[in-house]
Amino acid sequence: MIIECPFTKKHPSILHRDDEYFMSMAYNQAIEAWKHDEIPVGAIAVFGDEIIASAHNSIITLNDPTAHAEMQVITQAAKIIGDWRLNDVTIYVTKEPCPMCSGAMIMSRVGVVVFGAMDSKMGLLGGCFRLQDLKTINHYPVIKSGILEKDCALLMRTFFAMKREGQRYLTQ
């Protein structure tokens with residue numbers, strides 16, 4: 001008789017590295033972004049079963065409009081793998097990628113993109129537009145959405161609600 005641990009459904013385990021586990025790691029990066037007064041988006045890159053890169057939005061910190069979590073993770077992953085083609089890499093990101101990040105994922109041949117919260121204003125993998133519906137692009141990553149969606153969406157909503165109210169952000 002196999003007895004299932006009651007915590008495996010609620011808490012990620014290093015022994016069970018599934019989409020929720022990896023999205024939890026991206027979520028932790030989003031919290032780090034918030035601590036730095038950045039929009040709370042986090043991303044990680046997974047190769048095999050190992051996290052090879054992690055980042056959070058650093059647009060304000062670096063004064064760089066391209067310093068999205070996804071862009072930084074793509075750059076890190078390419079350096080670690082030693083190839084700009086990331087066919088065997090999965091990117092986990094807490095919010096649906098914007099046009100720039102979606103384009104970078106296609107250009108770098110990312111194999112799988114997994115995201116949490118949809119973005120109906122700027123998301124290009126289903127929220128606002130489905131970039132993968134274009135028939136002329138040369139690479140189509142596998143897209144998975146809705147992983148820890150409620151948590152990721154709540155984090156974004158709370159951040160912007162607090163910002164509108166002038167409340168202090170999370171402290172380091």
# chains A, B, ... in the order shown; residues from 1 in each chain; ligands from 1

$ residues_around --residues "A:Glu50" --least-positions-apart "4" --cutoff "10 Å" --atoms "only C-alpha atoms" --output "ChimeraX atom specification"
/A:17,22,45-46,89

$ write_last_selection --atoms "N, CA and C atoms" --output "PDB file, in the first residue's frame"
ATOM      1  N   ARG A  17      10.203  17.449  -9.086  1.00  0.00           N
ATOM      2  CA  ARG A  17      10.426  18.684  -9.839  1.00  0.00           C
ATOM      3  C   ARG A  17       9.471  18.766 -11.031  1.00  0.00           C
ATOM      4  N   PHE A  22       9.010  24.315 -10.337  1.00  0.00           N
ATOM      5  CA  PHE A  22       9.834  25.285 -11.044  1.00  0.00           C
ATOM      6  C   PHE A  22       9.177  26.668 -11.071  1.00  0.00           C
ATOM      7  N   ALA A  45      15.413  29.348 -15.971  1.00  0.00           N
ATOM      8  CA  ALA A  45      15.637  28.478 -17.121  1.00  0.00           C
ATOM      9  C   ALA A  45      16.025  27.109 -16.588  1.00  0.00           C
ATOM     10  N   VAL A  46      15.426  26.082 -17.162  1.00  0.00           N
ATOM     11  CA  VAL A  46      15.678  24.703 -16.745  1.00  0.00           C
ATOM     12  C   VAL A  46      16.236  23.926 -17.938  1.00  0.00           C
ATOM     13  N   VAL A  89      15.826  23.881 -23.551  1.00  0.00           N
ATOM     14  CA  VAL A  89      15.630  24.686 -22.342  1.00  0.00           C
ATOM     15  C   VAL A  89      14.148  24.990 -22.174  1.00  0.00           C
TER      16      VAL A  89
END

$ closest_atom_pairs --of "stretch 5-94 of chain A" --to "stretch 145-169 of chain A" --cutoff "10 Å" --atoms "only C-alpha atoms" --output "Markdown table"
| residue | atom | partner | partner_atom | distance |
| --- | --- | --- | --- | --- |
| A:Asp19 | CA | A:Ile147 | CA | 6.9 |
| A:Glu20 | CA | A:Ile147 | CA | 6.3 |
| A:Tyr21 | CA | A:Leu148 | CA | 9.7 |
| A:Phe22 | CA | A:Ile147 | CA | 9.6 |
| A:Met23 | CA | A:Ile147 | CA | 6.9 |
| A:Ser24 | CA | A:Leu148 | CA | 7.9 |
| A:Ala26 | CA | A:Cys152 | CA | 9.7 |
| A:Tyr27 | CA | A:Cys152 | CA | 7.1 |
| A:Ala30 | CA | A:Leu155 | CA | 8.5 |
| A:Ile31 | CA | A:Leu155 | CA | 8.4 |
| A:Trp34 | CA | A:Tyr169 | CA | 6.8 |
| A:Lys35 | CA | A:Tyr169 | CA | 6.8 |
| A:His36 | CA | A:Tyr169 | CA | 8.4 |
| A:Asp37 | CA | A:Tyr169 | CA | 6.3 |
| A:Glu38 | CA | A:Tyr169 | CA | 9.3 |
| A:Ile39 | CA | A:Phe159 | CA | 7.5 |
| A:Pro40 | CA | A:Met156 | CA | 6.5 |
| A:Val41 | CA | A:Met156 | CA | 8.1 |
| A:Gly42 | CA | A:Cys152 | CA | 9.7 |
| A:Tyr92 | CA | A:Ile147 | CA | 9.3 |
| A:Val93 | CA | A:Cys152 | CA | 9.4 |
| A:Thr94 | CA | A:Cys152 | CA | 5.7 |

$ atom_distance --atom1 "atom CA of A:Asp64" --atom2 "atom CA of A:Lys79"
20.0 Å

$ closest_residue --among "A:Asp119, A:Asp88, A:Glu32, A:Asp18" --to "A:Ala69" --atoms "only C-alpha atoms"
A:Glu32

$ select_by_dssp --residues "stretch 1-88 of chain A" --states "alpha helix (DSSP H)" --output "PyMOL selection string"
chain A and resi 19-35+59-62+69-81

$ closest_residue --among "A:Ala55, A:Ala117, A:Asn63, A:Asp49" --to "A:Thr90" --atoms "only C-alpha atoms"
A:Asp49

$ closest_residue --among "A:Gly116, A:Ile60, A:Pro99, A:Arg85" --to "A:Ala43" --atoms "only C-alpha atoms"
A:Gly116

$ atom_distance --atom1 "atom CA of A:Asn87" --atom2 "atom CA of A:Val110"
4.9 Å

$ closest_residue --among "A:Ile81, A:Met118, A:Val113, A:Ala104" --to "A:Ile44" --atoms "only C-alpha atoms"
A:Val113

$ residues_around --residues "A:Thr66" --least-positions-apart "6" --cutoff "12 Å" --atoms "only C-alpha atoms" --output "PyMOL selection string"
chain A and resi 56-60+72-75+98-101+104

$ residues_around --residues "A:Arg109" --least-positions-apart "3" --cutoff "8 Å" --atoms "only C-alpha atoms" --output "list in words"
Arg85, Leu86, Asn87, Met105, Ile106, His139, Tyr140 and Pro141 of chain A
